[in-house]
Each structure stands twice: as structure tokens, then as C-alpha cells.
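One structure is given here, and the rest of the page talks about it.
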Amino acid sequence: MKCVLIKDGKGPADNLYMGEEETPEPGKGEVSVKAFGLNRMDILQREGKYPLPPQASKTILGVEFSGVVDKLGEGAKVYKEGDEVYGLAYGGAYAQYIVNPETMLLPKPKEFDWVEAAGIPEVWMTATQALMVETPLKEGQNVLIHAGASGVGIAAIQIALHVIKAGKVFTTCGSDEKVEFLKQLGHSDRLHVFNYKTQDFAEELKKHAQGVDLIVDFIGKQYWNQNISSLNLDGRMLYLAFMSGAAFPEGANLAPILGKRLTIKGSTLRSRKAEYQHDLLEVFKGRVLPGILKGDLKVKIYKTYPWTDVIQAHKDMEGNKNSGKIVLEVTE
């Protein structure tokens, strides 16, 4: 089968190339891939900086996709050949075919095209996981979501606003263009967007609320002090990445963790067992998917590339050019 591989096993975006590997034999089921999403972890894995779970392909990137069930493995019973599906993977989605646990798939609604379906699993499941499973946000509570213009950020903002009915939703991004983009997600009286390059988000936030009950952060070191000052009593902070570093900043004050009775937690999705990911998909299907199908929640696709343009797609994400999801279509 055709697939995207990495010259020398790791390196810059220019090391990506179209190659071939043996078509995998189905264990529980094989899917013919139509499209796959690009995620920040793909860049880290390409650079050799992402610890892979044991189930992941060591040579092929990609953790989300849409496609058609092509073959059934022994014991597979949920889907039949020809079914249209989308879902999460431990790896291997940058390919014509992928073998995947059937429990990590969902039936593709007719309302979604292949690109939309491929742009949902990783970011919307991560947002669902953060706000509904690992650190559940309650109706009326305030939340701060960093990296607001990322795929996960856009999904989390909408879930907080429209599904959970949060009190106020605060978010950060890196340009005025992205500020205006995010404001279009609605509820201008409850959604406040800050450009972290020109504004101190901790100071701006306190013009609208005493603080927040939950922070979802991908940044780490750079935001530590501002995050801690923004949390309410009994506030919680969930780390999903450490894009600015995983060490404490110089002079970090840990006393507020005790004084405010704060809870600080980390979470991942890719390393979770298939059963956990299945349960998460069910939460998404029951609480979030109906809003997408009704049009209340929007799947924001920044750009679609043919998979032969995978180098440019990676470079665009590395340059933080995207507001929304980057998706690649598998073409002949």
C-alpha cells in the first residue's frame, strides 16, 4: 500500500515522502482510508520527540481518519464491509489502509463528508475528555482554554459554551486575525478572546470575572504564573501538552496550590487503552455529536491538502498558520 514515511526515521518536514509498506492484515477490521487529520503530536513524532504507545506503528504517522471498512478480522461484529466510518487510531493513519480496533470507530453520519469526519476524532475527543471526563466542567462555571485557535481549542470552546453552558469562557491565541476568528464561535457576552502576544490574559480576564474554575493548558512553563493567579479557590488545571517547556519558571511560587486548594492534573489520549477510548467515543456520541449534526457546533477545517502535499501541511502547522483543522485527502 502507499503511505507517508519519514526518511531516516525522523527529521524535519522535508524528510516526509510518499512510500510503500505491506498492507496490514486485519485483526479486528481493516479500513480503506479516505482522509486523515494532522495533529501537533504528528510533528513531535516526526521529530523523534513523542513517546509512542506499544500499539502504534513505528513508521507511519496519524491518529485519526475517515474511511470505508474493507476487510473484517476474526471476531469483528460491529461493522460490515462497505460501512463508512471515522475514528481514533494509535498510529498508521497516513496510509491507504489501516487496521484498527472496531471499538475505536464510529459510523460516519451522512451529514459529514470525508474531510469533516477525519477532522473530528482526535480534537473533539480530546476536548470532550478534558471538559467532561478528566476535569468535568459544570454549568455556570468559568473556564480558560489556551491555544484557542487550535483544533482542540475550537472544539473545547464550543463544548463549553453550547453543551455545558459555562458561565464565561476565556481563551488565548496569537494574532488579531485569530481573535476575530474565534469571536465568531458565538455568545459574545460569555466568550472573551485574548491575544497573548499583546495582552496579559490574567489581567484581562479579571476585568470580566474574579477568576476561573478550570484551565485547559497546552503551553506549560510560559503560562504558569498567570494560570495560577487566574484560578479560583478549589480551581483545577489540566495539562495536555507543554509547548513552552515542562519545567517551572524561575521564581515560581507554589504556595497558591495550598492556599487556593488547587488541583493540577495531566492527561493524554493516545496512550489510553482501547476500552477507555471507546467509552470516550460514547460520551462524545451521546453529548456532543448531536450538536454538530444540528449545526450548533461547527467543525472548523482550516485547509484540505492532497496527501502528496504532506510536507507543506506540516510546515503550515509548524508555522502556526492554521485556525482550525488541517486535513489531508488520500488520493491515487
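As shown in the C-alpha cells, the chain order sets the letters A, B, ...; within each chain, residues go from 1, and ligands are also counted from 1 in the order they appear.
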
Nearby residues (only C-alpha atoms) at most 7 Å from Tyr50 in chain A, same-chain spacing under 3 positions excluded, as a PyMOL selection string: chain A and resi 41+44-45

Mind checking which residues fall within 7 Å of range 279-285 of chain A, counting only C-alpha atoms, ignoring those fewer than 5 positions away in the same chain, and posting them as a PyMOL selection string? chain A and resi 125+128-129

For range 229-246 of chain A, work out the shell of residues within 9 Å, counting only C-alpha atoms and skipping chain neighbours fewer than 6 positions away, then give it as a PyMOL selection string. chain A and resi 126+130+134-135+144+201-203+205-206+210-223+256+259-268

Write out as a ChimeraX atom specification each polymer residue whose atoms come within 9 Å of range 149-162 of chain A, counting only C-alpha atoms; drop sequence neighbours fewer than 2 positions from it. /A:39,119-120,122-128,130-131,137,139,143,145-147,164-174,178-179,181-182,185-187,190-191,216,288,291,296-301,320,322-326

Each range 23-72 of chain A residue no farther than 8 Å from range 313-319 of chain A, nearest pair in Å, only C-alpha atoms, as CSV:
residue,atom,partner,partner_atom,distance
A:Leu38,CA,A:His314,CA,7.7
A:Arg40,CA,A:Met317,CA,7.5
A:Ile43,CA,A:His314,CA,7.0

Write out as a JSON list (two decimals) with N, CA and C atoms, in the first residue's frame the residues lying within 7 Å of Val63 in chain A, counting only C-alpha atoms and excluding same-chain residues fewer than 4 positions away.
[["chain", "number", "residue", "atom", "x", "y", "z"],
["A", 88, "LEU", "N", -10.49, 7.04, 15.95],
["A", 88, "LEU", "CA", -9.17, 7.23, 16.52],
["A", 88, "LEU", "C", -8.28, 6.03, 16.19],
["A", 89, "ALA", "N", -6.97, 6.29, 16.14],
["A", 89, "ALA", "CA", -6.00, 5.22, 15.92],
["A", 89, "ALA", "C", -4.80, 5.46, 16.81],
["A", 90, "TYR", "N", -4.06, 4.40, 17.11],
["A", 90, "TYR", "CA", -2.82, 4.56, 17.86],
["A", 90, "TYR", "C", -1.71, 5.08, 16.95],
["A", 91, "GLY", "N", -1.88, 4.96, 15.65],
["A", 91, "GLY", "CA", -0.92, 5.40, 14.65],
["A", 91, "GLY", "C", -1.25, 4.73, 13.33],
["A", 92, "GLY", "N", -0.57, 5.15, 12.27],
["A", 92, "GLY", "CA", -0.72, 4.48, 10.99],
["A", 92, "GLY", "C", -1.76, 5.03, 10.04],
["A", 93, "ALA", "N", -2.31, 6.25, 10.34],
["A", 93, "ALA", "CA", -3.40, 6.77, 9.51],
["A", 93, "ALA", "C", -2.92, 7.43, 8.22]]

Hey, what's within 7 Å of Leu328 in chain A if we count only C-alpha atoms and toss same-chain stuff fewer than 6 positions away? As an mmCIF file with N, CA and C atoms, in the first residue's frame, please?
data_model
loop_
_atom_site.group_PDB
_atom_site.id
_atom_site.type_symbol
_atom_site.label_atom_id
_atom_site.label_comp_id
_atom_site.auth_asym_id
_atom_site.auth_seq_id
_atom_site.Cartn_x
_atom_site.Cartn_y
_atom_site.Cartn_z
ATOM 1 N N ALA A 35 -9.386 10.009 4.230
ATOM 2 C CA ALA A 35 -8.773 11.255 4.669
ATOM 3 C C ALA A 35 -8.243 11.059 6.087
ATOM 4 N N PHE A 36 -7.254 11.882 6.466
ATOM 5 C CA PHE A 36 -6.731 11.815 7.827
ATOM 6 C C PHE A 36 -6.383 13.221 8.307
ATOM 7 N N GLY A 37 -6.445 13.409 9.614
ATOM 8 C CA GLY A 37 -6.173 14.711 10.200
ATOM 9 C C GLY A 37 -4.721 14.844 10.612
ATOM 10 N N THR A 304 -7.669 21.845 3.358
ATOM 11 C CA THR A 304 -7.552 20.439 2.949
ATOM 12 C C THR A 304 -6.445 20.319 1.907
ATOM 13 N N TYR A 305 -5.542 19.366 2.107
ATOM 14 C CA TYR A 305 -4.433 19.132 1.192
ATOM 15 C C TYR A 305 -4.549 17.729 0.605
ATOM 16 N N PRO A 306 -4.102 17.518 -0.627
ATOM 17 C CA PRO A 306 -3.881 16.128 -1.061
ATOM 18 C C PRO A 306 -2.726 15.573 -0.252
ATOM 19 N N TRP A 307 -2.743 14.279 0.016
ATOM 20 C CA TRP A 307 -1.700 13.772 0.901
ATOM 21 C C TRP A 307 -0.306 13.848 0.304
#

With a distance cut-off of 10 Å and only C-alpha atoms, select the neighbouring residues of Phe112 in chain A, excluding the residue or stretch itself and same-chain residues fewer than 3 positions from it, and output the selection as a list in words. Lys108, Pro109, Val115, Glu116, Ala117, Ala118, Ile292, Leu293 and Val299 of chain A

Restricting the calculation to only C-alpha atoms, which member of A:Asn253, A:Thr331, A:Asn142, A:Gln277 is positioned closest to Leu106 in chain A?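 Looking at the shortest contact to Leu106 in chain A, the residue is A:Gln277.
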
Determine which residues of range 113-298 of chain A receive a DSSP assignment of strand (DSSP E or B), computed from the backbone, and state them as a CSV table (one decimal) with N, CA, C and O atoms, in the first residue's frame.
chain,number,residue,atom,x,y,z
A,143,VAL,N,-14.2,28.9,32.6
A,143,VAL,CA,-13.1,28.1,32.1
A,143,VAL,C,-12.2,29.0,31.2
A,143,VAL,O,-12.6,29.9,30.5
A,144,LEU,N,-10.9,28.7,31.3
A,144,LEU,CA,-9.9,29.3,30.4
A,144,LEU,C,-9.3,28.2,29.6
A,144,LEU,O,-8.7,27.3,30.1
A,145,ILE,N,-9.3,28.4,28.3
A,145,ILE,CA,-8.8,27.4,27.3
A,145,ILE,C,-7.7,28.0,26.5
A,145,ILE,O,-8.0,29.0,25.7
A,169,VAL,N,-16.3,31.9,29.2
A,169,VAL,CA,-15.3,31.1,28.5
A,169,VAL,C,-14.2,32.1,28.0
A,169,VAL,O,-14.5,33.0,27.3
A,170,PHE,N,-13.0,31.9,28.5
A,170,PHE,CA,-11.9,32.7,28.2
A,170,PHE,C,-10.9,31.9,27.3
A,170,PHE,O,-10.7,30.7,27.6
A,171,THR,N,-10.3,32.5,26.3
A,171,THR,CA,-9.4,31.8,25.5
A,171,THR,C,-8.3,32.7,25.0
A,171,THR,O,-8.4,33.9,24.9
A,172,THR,N,-7.1,32.1,24.7
A,172,THR,CA,-6.0,32.8,24.1
A,172,THR,C,-5.6,32.3,22.8
A,172,THR,O,-5.8,31.2,22.4
A,173,CYS,N,-5.0,33.3,22.0
A,173,CYS,CA,-4.5,32.9,20.7
A,173,CYS,C,-3.4,33.9,20.3
A,173,CYS,O,-3.2,34.9,21.1
A,191,LEU,N,-18.1,34.8,25.8
A,191,LEU,CA,-16.8,34.4,25.3
A,191,LEU,C,-15.9,35.6,25.2
A,191,LEU,O,-16.2,36.6,24.6
A,192,HIS,N,-14.7,35.5,25.8
A,192,HIS,CA,-13.7,36.5,25.8
A,192,HIS,C,-12.4,36.0,25.2
A,192,HIS,O,-11.9,35.0,25.7
A,193,VAL,N,-11.9,36.6,24.2
A,193,VAL,CA,-10.7,36.1,23.5
A,193,VAL,C,-9.6,37.1,23.6
A,193,VAL,O,-9.7,38.3,23.4
A,194,PHE,N,-8.4,36.6,24.0
A,194,PHE,CA,-7.2,37.5,24.2
A,194,PHE,C,-6.0,37.1,23.3
A,194,PHE,O,-5.8,35.9,23.1
A,195,ASN,N,-5.3,38.1,22.8
A,195,ASN,CA,-4.1,37.9,22.0
A,195,ASN,C,-3.0,37.9,23.0
A,195,ASN,O,-2.6,38.9,23.6
A,212,VAL,N,-11.3,31.8,37.2
A,212,VAL,CA,-11.9,30.7,36.5
A,212,VAL,C,-11.8,29.4,37.4
A,212,VAL,O,-10.9,29.3,38.3
A,213,ASP,N,-12.7,28.5,37.1
A,213,ASP,CA,-12.7,27.2,37.9
A,213,ASP,C,-11.9,26.1,37.2
A,213,ASP,O,-11.5,25.2,37.9
A,214,LEU,N,-11.6,26.3,36.0
A,214,LEU,CA,-10.8,25.3,35.2
A,214,LEU,C,-10.0,26.0,34.2
A,214,LEU,O,-10.4,26.9,33.5
A,215,ILE,N,-8.7,25.5,34.0
A,215,ILE,CA,-7.9,25.9,32.9
A,215,ILE,C,-7.5,24.7,32.1
A,215,ILE,O,-7.0,23.7,32.7
A,216,VAL,N,-7.6,24.7,30.8
A,216,VAL,CA,-7.1,23.7,30.0
A,216,VAL,C,-5.9,24.2,29.2
A,216,VAL,O,-6.0,25.2,28.4
A,217,ASP,N,-4.7,23.7,29.5
A,217,ASP,CA,-3.5,24.3,29.0
A,217,ASP,C,-2.6,23.3,28.2
A,217,ASP,O,-2.5,22.2,28.6
A,231,LEU,N,-6.8,31.2,38.7
A,231,LEU,CA,-7.7,30.1,39.2
A,231,LEU,C,-8.4,30.6,40.5
A,231,LEU,O,-7.8,31.2,41.4
A,232,ASN,N,-9.6,30.2,40.6
A,232,ASN,CA,-10.5,30.4,41.8
A,232,ASN,C,-10.1,29.5,42.9
A,232,ASN,O,-9.3,28.5,42.6
A,233,LEU,N,-10.6,29.7,44.0
A,233,LEU,CA,-10.5,28.7,45.1
A,233,LEU,C,-11.0,27.4,44.7
A,233,LEU,O,-12.1,27.3,44.0
A,234,ASP,N,-10.3,26.3,45.0
A,234,ASP,CA,-10.6,24.9,44.5
A,234,ASP,C,-10.6,24.8,43.0
A,234,ASP,O,-11.2,23.9,42.4
A,235,GLY,N,-9.8,25.7,42.3
A,235,GLY,CA,-9.7,25.6,40.9
A,235,GLY,C,-8.9,24.4,40.4
A,235,GLY,O,-8.1,23.8,41.2
A,236,ARG,N,-9.1,24.1,39.2
A,236,ARG,CA,-8.4,22.9,38.6
A,236,ARG,C,-7.7,23.3,37.3
A,236,ARG,O,-8.2,24.2,36.6
A,237,MET,N,-6.5,22.7,37.1
A,237,MET,CA,-5.8,23.0,35.8
A,237,MET,C,-5.4,21.6,35.2
A,237,MET,O,-4.8,20.8,35.9
A,238,LEU,N,-5.7,21.5,33.9
A,238,LEU,CA,-5.5,20.2,33.2
A,238,LEU,C,-4.4,20.5,32.1
A,238,LEU,O,-4.6,21.4,31.3
A,239,TYR,N,-3.3,19.8,32.2
A,239,TYR,CA,-2.2,19.9,31.2
A,239,TYR,C,-2.4,18.9,30.1
A,239,TYR,O,-2.5,17.7,30.5
A,263,THR,N,-6.1,21.9,42.2
A,263,THR,CA,-5.8,20.6,41.7
A,263,THR,C,-5.2,20.7,40.3
A,263,THR,O,-5.7,21.4,39.4
A,264,ILE,N,-4.0,20.1,40.1
A,264,ILE,CA,-3.3,20.2,38.9
A,264,ILE,C,-3.1,18.8,38.4
A,264,ILE,O,-2.6,17.9,39.1
A,265,LYS,N,-3.5,18.6,37.1
A,265,LYS,CA,-3.6,17.2,36.6
A,265,LYS,C,-3.0,17.2,35.1
A,265,LYS,O,-3.1,18.2,34.4
A,266,GLY,N,-2.5,16.1,34.7
A,266,GLY,CA,-2.1,15.9,33.3
A,266,GLY,C,-2.9,14.8,32.7
A,266,GLY,O,-3.3,13.8,33.4

Calculate how many Å separate CA of Arg287 in chain A from CA of Val33 in chain A, rounding to one decimal.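 About the pair CA of Arg287 in chain A and CA of Val33 in chain A: they are 26.5 Å apart.
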